[in-house]
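Chemist: I am sharing entry-v8.cif, which consists of mmCIF, C-alpha atoms:
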data_model
#
loop_
_atom_site.label_atom_id
_atom_site.label_comp_id
_atom_site.auth_asym_id
_atom_site.auth_seq_id
_atom_site.Cartn_x
_atom_site.Cartn_y
_atom_site.Cartn_z
CA MET N 28 41.83 -1.45 -25.59
CA SER N 29 45.27 -0.05 -26.39
CA TYR N 30 46.53 0.31 -22.83
CA PHE N 31 47.14 -2.07 -19.94
CA ASP N 32 43.69 -2.69 -18.44
CA ILE N 33 44.06 -3.45 -14.76
CA SER N 34 40.59 -2.47 -13.66
CA SER N 35 39.54 -5.98 -12.63
CA ASP N 36 40.23 -7.64 -9.29
CA THR N 37 41.91 -10.56 -11.06
CA ILE N 38 45.37 -9.11 -10.62
CA THR N 39 44.85 -8.43 -6.90
CA THR N 40 43.86 -12.01 -6.21
CA LYS N 41 46.86 -13.35 -8.10
CA ILE N 42 49.47 -11.03 -6.54
CA SER N 43 49.47 -11.45 -2.80
CA SER N 44 52.06 -11.43 -0.09
CA SER N 45 52.37 -14.23 2.37
CA PRO N 46 50.37 -13.83 5.60
CA SER N 47 53.52 -13.06 7.56
CA GLY N 48 55.22 -10.90 4.93
CA LYS N 49 54.83 -7.37 3.63
CA PHE N 50 54.24 -6.35 0.03
CA TYR N 51 56.55 -3.81 -1.62
CA SER N 52 56.08 -2.29 -5.04
CA LEU N 53 57.65 0.27 -7.32
CA CYS N 54 55.63 1.40 -10.34
CA VAL N 55 57.38 3.59 -12.90
CA GLY N 56 55.58 5.08 -15.90
CA ILE N 57 57.03 7.72 -18.19
CA ASN N 58 55.10 9.47 -20.95
CA VAL N 59 57.21 12.62 -21.23
CA PHE N 60 60.99 12.80 -21.39
CA SER N 61 63.15 15.85 -20.66
CA GLU N 62 65.03 15.41 -23.91
CA GLY N 63 63.00 15.72 -27.10
CA TYR N 64 64.87 12.81 -28.70
CA PHE N 65 62.49 10.30 -27.11
CA SER N 66 58.93 10.35 -28.39
CA LYS N 67 56.04 10.92 -26.00
CA LEU N 68 54.20 7.80 -24.87
CA ASP N 69 50.44 7.70 -24.38
CA TYR N 70 49.72 5.18 -21.63
CA ALA N 71 52.87 4.52 -19.59
CA GLU N 72 52.05 7.01 -16.83
CA ARG N 73 48.43 5.86 -16.60
CA ASP N 74 49.41 2.18 -16.49
CA ALA N 75 51.84 2.79 -13.63
CA GLN N 76 49.33 4.91 -11.71
CA ARG N 77 46.50 2.39 -12.13
CA LEU N 78 48.65 -0.55 -11.09
CA HIS N 79 49.94 1.46 -8.12
CA GLN N 80 46.36 2.35 -7.07
CA LEU N 81 45.31 -1.27 -7.31
CA LEU N 82 48.28 -2.43 -5.24
CA VAL N 83 47.67 0.28 -2.62
CA GLN N 84 44.02 -0.83 -2.32
CA LYS N 85 45.13 -4.40 -1.79
CA HIS N 86 48.32 -3.97 0.26
CA GLY N 87 48.36 -0.41 1.65
CA ALA N 88 50.31 2.69 0.72
CA SER N 89 53.20 2.44 3.17
CA SER N 90 55.29 0.12 1.02
CA SER N 91 54.25 1.18 -2.48
CA THR N 92 55.91 3.88 -4.58
CA CYS N 93 54.83 5.33 -7.92
CA LEU N 94 57.21 7.47 -9.96
CA THR N 95 55.91 9.08 -13.13
CA ASN N 96 57.23 11.50 -15.72
CA GLU N 97 59.58 14.14 -14.22
CA LYS N 98 59.70 12.25 -10.88
CA ALA N 99 61.03 9.14 -12.63
CA LYS N 100 64.64 10.29 -12.87
CA LEU N 101 67.44 7.76 -12.60
CA PRO N 102 68.57 8.78 -9.07
CA GLU N 103 64.97 8.62 -7.78
CA ILE N 104 64.38 5.18 -9.28
CA ILE N 105 67.61 3.82 -7.80
CA LYS N 106 66.75 5.42 -4.44
CA ALA N 107 63.29 3.76 -4.45
CA LEU N 108 64.81 0.37 -5.33
CA LYS N 109 67.39 0.69 -2.55
CA ILE N 110 64.69 1.58 -0.01
CA ILE N 111 62.92 -1.65 -0.93
CA SER N 112 66.21 -3.52 -0.71
CA ASP N 113 66.95 -2.10 2.75
CA SER N 114 63.42 -2.78 4.03
CA ALA N 115 62.33 -6.12 2.56
CA LYS N 116 62.79 -9.39 4.41
CA PRO N 117 62.87 -12.95 3.00
CA GLU N 118 59.15 -13.54 3.71
CA ASP N 119 58.12 -10.40 1.79
CA THR N 120 56.93 -9.98 -1.80
CA VAL N 121 58.31 -7.38 -4.24
CA LEU N 122 56.72 -6.23 -7.52
CA ILE N 123 58.52 -3.81 -9.83
CA PHE N 124 56.81 -2.35 -12.92
CA PHE N 125 58.34 -0.20 -15.66
CA ALA N 126 56.46 1.38 -18.56
CA THR N 127 58.82 3.48 -20.66
CA HIS N 128 61.01 3.40 -23.74
CA GLY N 129 63.81 0.87 -23.83
CA GLU N 130 66.84 0.57 -26.05
CA PHE N 131 69.68 -1.81 -26.75
CA ILE N 132 73.00 -0.02 -26.93
CA LYS N 133 75.79 -1.76 -28.77
CA SER N 134 79.34 -0.50 -28.41
CA GLU N 135 82.78 -1.97 -28.99
CA THR N 136 83.12 -2.84 -25.31
CA ASN N 137 79.57 -3.53 -24.15
CA THR N 138 76.02 -4.27 -25.26
CA ASP N 139 73.20 -3.78 -22.78
CA TYR N 140 69.49 -2.98 -22.61
CA TYR N 141 68.45 0.32 -21.04
CA LEU N 142 65.17 1.50 -19.58
CA ILE N 143 64.84 5.16 -20.52
CA THR N 144 64.34 7.37 -17.47
CA SER N 145 62.71 10.80 -17.68
CA ASP N 146 66.10 12.51 -17.45
CA ALA N 147 67.97 10.20 -19.87
CA GLU N 148 70.24 11.83 -22.44
CA SER N 149 70.29 10.07 -25.81
CA ASN N 150 74.02 10.55 -26.30
CA LYS N 151 74.84 9.34 -22.75
CA LEU N 152 72.41 6.45 -22.18
CA PRO N 153 74.92 4.21 -20.38
CA PHE N 154 75.26 6.96 -17.76
CA THR N 155 71.75 8.46 -17.67
CA ALA N 156 69.35 5.52 -18.22
CA LEU N 157 68.77 2.42 -16.09
CA SER N 158 70.68 -0.54 -17.50
CA MET N 159 69.30 -4.02 -17.06
CA SER N 160 72.66 -4.95 -15.54
CA THR N 161 72.19 -2.35 -12.81
CA LEU N 162 68.55 -3.36 -12.27
CA LYS N 163 69.56 -7.01 -11.91
CA GLU N 164 72.33 -6.13 -9.47
CA ILE N 165 70.01 -4.10 -7.23
CA VAL N 166 67.06 -6.52 -7.37
CA SER N 167 69.33 -9.51 -6.70
CA LYS N 168 70.31 -7.90 -3.40
CA ILE N 169 66.70 -7.54 -2.24
CA PRO N 170 66.29 -10.27 0.39
CA ALA N 171 62.63 -11.02 -0.42
CA LEU N 172 62.24 -14.51 -1.84
CA LYS N 173 59.29 -13.54 -4.07
CA LYS N 174 60.21 -10.88 -6.63
CA VAL N 175 58.78 -10.12 -10.06
CA ILE N 176 59.65 -7.41 -12.57
CA PHE N 177 57.20 -6.37 -15.29
CA LEU N 178 58.73 -4.54 -18.26
CA ASP N 179 56.50 -2.69 -20.71
CA SER N 180 59.14 -0.96 -22.76
CA CYS N 181 59.16 0.28 -26.32
CA HIS N 182 61.99 -0.50 -28.70
CA SER N 183 62.90 -3.59 -26.70
CA GLY N 184 63.37 -5.56 -29.88
CA GLY N 185 64.41 -2.74 -32.15
CA ILE N 186 67.45 -1.09 -33.52
CA CYS N 187 70.14 0.77 -31.62
CA ARG N 188 69.27 4.27 -32.67
CA ARG N 189 72.43 5.64 -31.11
CA ASP N 190 74.82 4.09 -33.60
CA ARG N 191 72.26 2.82 -36.14
CA THR N 192 73.73 -0.66 -35.73
CA GLU N 193 71.19 -3.43 -35.65
CA VAL N 194 71.36 -5.66 -32.63
CA THR N 195 70.86 -9.18 -33.92
CA GLN N 196 68.36 -11.55 -32.35
CA GLN N 197 71.22 -13.73 -31.12
CA VAL N 198 72.80 -10.78 -29.29
CA LYS N 199 69.43 -9.81 -27.79
CA GLU N 200 68.93 -13.36 -26.53
CA GLU N 201 72.43 -13.38 -25.04
CA ILE N 202 71.76 -10.08 -23.27
CA PHE N 203 68.49 -11.29 -21.78
CA GLN N 204 70.08 -14.61 -20.78
CA ASN N 205 72.34 -12.53 -18.53
CA PHE N 206 69.24 -11.42 -16.65
CA VAL N 207 68.02 -14.90 -15.81
CA SER N 208 68.01 -15.29 -12.05
CA ASP N 209 66.92 -17.79 -9.47
CA SER N 210 65.93 -14.91 -7.17
CA PHE N 211 63.38 -13.11 -9.39
CA ILE N 212 61.52 -13.31 -12.69
CA ILE N 213 61.19 -10.74 -15.46
CA ILE N 214 58.00 -10.56 -17.48
#
Could the structure of this file be written out as structure tokens, please?
Modeler:
Amino acid sequence: MSYFDISSDTITTKISSSPSGKFYSLCVGINVFSEGYFSKLDYAERDAQRLHQLLVQKHGASSSTCLTNEKAKLPEIIKALKIISDSAKPEDTVLIFFATHGEFIKSETNTDYYLITSDAESNKLPFTALSMSTLKEIVSKIPALKKVIFLDSCHSGGICRRDRTEVTQQVKEEIFQNFVSDSFIII
């Protein structure tokens, strides 16, 4: 199968909140982007929706959000993350899932990895896409002690298309080392 198959109950038995805690999730899947620069994806939306449905069946809809395609704009994603941050308590569990394009951007002053939102502009990615630095900052502030982020992003190991400058493996490793945290894991 060429898409993320989450039809089995295996994932629901492995991902569970503690008896006293709540379960929060944000599932983001983007197939279609407002700017034609980014190619259409085939399964990102479906993967996010299926995971969201599975989590709602297991944990209820009140603390689970799914943003797909045109609803997955940068302000909406940040708003959803901040709602989780404001609501979650230490005993809670948080799962965040992204299925979208991703790009390294290398400039003279900064190199970062960006998750491409539905409203991202290719010539303004640092201002219109979700940087891993911003994601780490927001997720680090979520008080839940159990947090996991799943990234299913294209171009994560590729070339910076913006300036056609290859990001070396060493630079990529350095960037992702910056996202290591004791408070959450990234898969």
Chemist: Pick out the closest residue to Leu94 (chain N) from this set: N:Ser145, N:Ile110, N:Phe50, N:Ser61. Count all atoms listed in the file.
Modeler: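 Among N:Ser145, N:Ile110, N:Phe50, N:Ser61, it is N:Ser145 that comes nearest to Leu94 (chain N).
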Chemist: Enumerate, as a PDB file with C-alpha atoms, in the frame of the given file, the residues matched when the PyMOL selection byres ((chain N and resi 98) around 12) is run on the file above.
Modeler:
ATOM      1  CA  CYS N  54      55.630   1.400 -10.340  1.00  0.00           C
ATOM      2  CA  VAL N  55      57.380   3.590 -12.900  1.00  0.00           C
ATOM      3  CA  GLY N  56      55.580   5.080 -15.900  1.00  0.00           C
ATOM      4  CA  ILE N  57      57.030   7.720 -18.190  1.00  0.00           C
ATOM      5  CA  ASN N  58      55.100   9.470 -20.950  1.00  0.00           C
ATOM      6  CA  VAL N  59      57.210  12.620 -21.230  1.00  0.00           C
ATOM      7  CA  PHE N  60      60.990  12.800 -21.390  1.00  0.00           C
ATOM      8  CA  SER N  61      63.150  15.850 -20.660  1.00  0.00           C
ATOM      9  CA  GLU N  72      52.050   7.010 -16.830  1.00  0.00           C
ATOM     10  CA  THR N  92      55.910   3.880  -4.580  1.00  0.00           C
ATOM     11  CA  CYS N  93      54.830   5.330  -7.920  1.00  0.00           C
ATOM     12  CA  LEU N  94      57.210   7.470  -9.960  1.00  0.00           C
ATOM     13  CA  THR N  95      55.910   9.080 -13.130  1.00  0.00           C
ATOM     14  CA  ASN N  96      57.230  11.500 -15.720  1.00  0.00           C
ATOM     15  CA  GLU N  97      59.580  14.140 -14.220  1.00  0.00           C
ATOM     16  CA  ALA N  99      61.030   9.140 -12.630  1.00  0.00           C
ATOM     17  CA  LYS N 100      64.640  10.290 -12.870  1.00  0.00           C
ATOM     18  CA  LEU N 101      67.440   7.760 -12.600  1.00  0.00           C
ATOM     19  CA  PRO N 102      68.570   8.780  -9.070  1.00  0.00           C
ATOM     20  CA  GLU N 103      64.970   8.620  -7.780  1.00  0.00           C
ATOM     21  CA  ILE N 104      64.380   5.180  -9.280  1.00  0.00           C
ATOM     22  CA  ILE N 105      67.610   3.820  -7.800  1.00  0.00           C
ATOM     23  CA  LYS N 106      66.750   5.420  -4.440  1.00  0.00           C
ATOM     24  CA  ALA N 107      63.290   3.760  -4.450  1.00  0.00           C
ATOM     25  CA  THR N 144      64.340   7.370 -17.470  1.00  0.00           C
ATOM     26  CA  SER N 145      62.710  10.800 -17.680  1.00  0.00           C
ATOM     27  CA  ASP N 146      66.100  12.510 -17.450  1.00  0.00           C
TER      28      ASP N 146
END
Chemist: Find the residue from N:Ala115, N:Ala71, N:Leu108, N:Val83 that sits nearest to Ala171 (chain N); use only C-alpha atoms when measuring.
Modeler: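 Of the candidates, the smallest distance to Ala171 (chain N) is held by N:Ala115.
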Chemist: Could you list as number ranges by chain every residue that has an atom within 10 Å of (57.1, -1.6, -13.2), using the file's coordinates and counting all atoms listed in the file?
Modeler: N: 52-56, 71, 74-75, 78-79, 93-94, 122-127, 175-180, 214
Chemist: Using all atoms listed in the file, which residues sit within 8 Å of Phe65 (chain N) once same-chain residues fewer than 3 positions away are excluded, as a list of chain:residue names?
Modeler: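 Surrounding residues, per the criterion: N:Phe60, N:Glu62, N:His128, N:Ser149.
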Chemist: Keeping C-alpha atoms for every residue in the selection just given, could you write it to a file as an mmCIF file, in the frame of the given file?
Modeler:
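Saved file out-v3.cif follows:
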data_model
loop_
_atom_site.group_PDB
_atom_site.id
_atom_site.type_symbol
_atom_site.label_atom_id
_atom_site.label_comp_id
_atom_site.auth_asym_id
_atom_site.auth_seq_id
_atom_site.Cartn_x
_atom_site.Cartn_y
_atom_site.Cartn_z
ATOM 1 C CA PHE N 60 60.990 12.800 -21.390
ATOM 2 C CA GLU N 62 65.030 15.410 -23.910
ATOM 3 C CA HIS N 128 61.010 3.400 -23.740
ATOM 4 C CA SER N 149 70.290 10.070 -25.810
#
Chemist: Rounded to one decimal in Å, what is the spacing between CA of Gly63 (chain N) and CA of Ala147 (chain N)?
Modeler: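 Calculated distance between CA of Gly63 (chain N) and CA of Ala147 (chain N) is 10.4 Å.
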Chemist: Return as a CSV table (one decimal) with C-alpha atoms, in the coordinates of the input the set of residues that the PyMOL selection byres ((chain N and resi 155-165) around 7) yields on the displayed structure.
Modeler:
chain,number,residue,atom,x,y,z
N,101,LEU,CA,67.4,7.8,-12.6
N,139,ASP,CA,73.2,-3.8,-22.8
N,140,TYR,CA,69.5,-3.0,-22.6
N,141,TYR,CA,68.4,0.3,-21.0
N,142,LEU,CA,65.2,1.5,-19.6
N,143,ILE,CA,64.8,5.2,-20.5
N,144,THR,CA,64.3,7.4,-17.5
N,146,ASP,CA,66.1,12.5,-17.4
N,147,ALA,CA,68.0,10.2,-19.9
N,148,GLU,CA,70.2,11.8,-22.4
N,151,LYS,CA,74.8,9.3,-22.8
N,152,LEU,CA,72.4,6.4,-22.2
N,153,PRO,CA,74.9,4.2,-20.4
N,154,PHE,CA,75.3,7.0,-17.8
N,166,VAL,CA,67.1,-6.5,-7.4
N,167,SER,CA,69.3,-9.5,-6.7
N,168,LYS,CA,70.3,-7.9,-3.4
N,169,ILE,CA,66.7,-7.5,-2.2
N,206,PHE,CA,69.2,-11.4,-16.6
Chemist: In Å, rounded to a single decimal, give me how far CA of Glu118 (chain N) is from CA of Leu81 (chain N).
Modeler: 21.5 Å
Chemist: Could you work out how far CA of Gln80 (chain N) lies from CA of Asp119 (chain N), giving the answer in Å with one decimal?
Modeler: 19.5 Å
Chemist: Smallest atom-to-atom distance to Lys49 (chain N): which of N:Pro170, N:Phe131, N:Asn137, N:Lys116, using all atoms listed in the file?
Modeler: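 Answer, going by the shortest atom-to-atom distance: N:Lys116.
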Chemist: If the box runs along x, y and z of the file and leaves 3 Å on each side of region 57-76 of chain N, what are its centre and edge lengths in Å, one decimal, as AutoDock Vina command-line options?
Modeler:
--center_x 56.7 --center_y 9.0 --center_z -20.2 --size_x 22.6 --size_y 19.7 --size_z 23.0
Chemist: Generate the missing atoms of region 56-74 of chain N up to N, CA and C atoms and report them as a PDB file, keeping the file's coordinate frame.
Modeler:
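Contents of part.pdb, as written:
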ATOM      1  N   GLY N  56      56.209   4.860 -14.594  1.00  0.00           N
ATOM      2  CA  GLY N  56      55.580   5.080 -15.900  1.00  0.00           C
ATOM      3  C   GLY N  56      55.970   6.448 -16.433  1.00  0.00           C
ATOM      4  N   ILE N  57      56.528   6.460 -17.637  1.00  0.00           N
ATOM      5  CA  ILE N  57      57.030   7.720 -18.190  1.00  0.00           C
ATOM      6  C   ILE N  57      56.422   7.962 -19.570  1.00  0.00           C
ATOM      7  N   ASN N  58      55.659   9.029 -19.667  1.00  0.00           N
ATOM      8  CA  ASN N  58      55.100   9.470 -20.950  1.00  0.00           C
ATOM      9  C   ASN N  58      55.958  10.549 -21.592  1.00  0.00           C
ATOM     10  N   VAL N  59      56.525  11.427 -20.755  1.00  0.00           N
ATOM     11  CA  VAL N  59      57.210  12.620 -21.230  1.00  0.00           C
ATOM     12  C   VAL N  59      58.663  12.576 -20.752  1.00  0.00           C
ATOM     13  N   PHE N  60      59.563  12.856 -21.674  1.00  0.00           N
ATOM     14  CA  PHE N  60      60.990  12.800 -21.390  1.00  0.00           C
ATOM     15  C   PHE N  60      61.587  14.193 -21.513  1.00  0.00           C
ATOM     16  N   SER N  61      62.585  14.504 -20.666  1.00  0.00           N
ATOM     17  CA  SER N  61      63.150  15.850 -20.660  1.00  0.00           C
ATOM     18  C   SER N  61      63.849  16.196 -21.963  1.00  0.00           C
ATOM     19  N   GLU N  62      64.375  15.188 -22.630  1.00  0.00           N
ATOM     20  CA  GLU N  62      65.030  15.410 -23.910  1.00  0.00           C
ATOM     21  C   GLU N  62      64.053  15.063 -25.029  1.00  0.00           C
ATOM     22  N   GLY N  63      63.936  15.918 -26.009  1.00  0.00           N
ATOM     23  CA  GLY N  63      63.000  15.720 -27.100  1.00  0.00           C
ATOM     24  C   GLY N  63      63.319  14.554 -28.022  1.00  0.00           C
ATOM     25  N   TYR N  64      64.459  13.933 -27.850  1.00  0.00           N
ATOM     26  CA  TYR N  64      64.870  12.810 -28.700  1.00  0.00           C
ATOM     27  C   TYR N  64      63.906  11.630 -28.570  1.00  0.00           C
ATOM     28  N   PHE N  65      63.379  11.425 -27.358  1.00  0.00           N
ATOM     29  CA  PHE N  65      62.490  10.300 -27.110  1.00  0.00           C
ATOM     30  C   PHE N  65      61.041  10.743 -27.300  1.00  0.00           C
ATOM     31  N   SER N  66      60.311   9.982 -28.105  1.00  0.00           N
ATOM     32  CA  SER N  66      58.930  10.350 -28.390  1.00  0.00           C
ATOM     33  C   SER N  66      58.045  10.177 -27.156  1.00  0.00           C
ATOM     34  N   LYS N  67      57.004  10.974 -27.105  1.00  0.00           N
ATOM     35  CA  LYS N  67      56.040  10.920 -26.000  1.00  0.00           C
ATOM     36  C   LYS N  67      55.269   9.599 -26.087  1.00  0.00           C
ATOM     37  N   LEU N  68      55.019   9.004 -24.945  1.00  0.00           N
ATOM     38  CA  LEU N  68      54.200   7.800 -24.870  1.00  0.00           C
ATOM     39  C   LEU N  68      52.801   8.179 -24.402  1.00  0.00           C
ATOM     40  N   ASP N  69      51.822   7.366 -24.707  1.00  0.00           N
ATOM     41  CA  ASP N  69      50.440   7.700 -24.380  1.00  0.00           C
ATOM     42  C   ASP N  69      49.933   7.097 -23.078  1.00  0.00           C
ATOM     43  N   TYR N  70      50.360   5.891 -22.740  1.00  0.00           N
ATOM     44  CA  TYR N  70      49.720   5.180 -21.630  1.00  0.00           C
ATOM     45  C   TYR N  70      50.649   4.744 -20.504  1.00  0.00           C
ATOM     46  N   ALA N  71      51.929   5.005 -20.599  1.00  0.00           N
ATOM     47  CA  ALA N  71      52.870   4.520 -19.590  1.00  0.00           C
ATOM     48  C   ALA N  71      52.565   5.080 -18.200  1.00  0.00           C
ATOM     49  N   GLU N  72      52.351   6.386 -18.119  1.00  0.00           N
ATOM     50  CA  GLU N  72      52.050   7.010 -16.830  1.00  0.00           C
ATOM     51  C   GLU N  72      50.749   6.440 -16.253  1.00  0.00           C
ATOM     52  N   ARG N  73      49.722   6.363 -17.065  1.00  0.00           N
ATOM     53  CA  ARG N  73      48.430   5.860 -16.600  1.00  0.00           C
ATOM     54  C   ARG N  73      48.527   4.407 -16.148  1.00  0.00           C
ATOM     55  N   ASP N  74      49.260   3.581 -16.880  1.00  0.00           N
ATOM     56  CA  ASP N  74      49.410   2.180 -16.490  1.00  0.00           C
ATOM     57  C   ASP N  74      50.073   2.063 -15.129  1.00  0.00           C
TER      58      ASP N  74
END
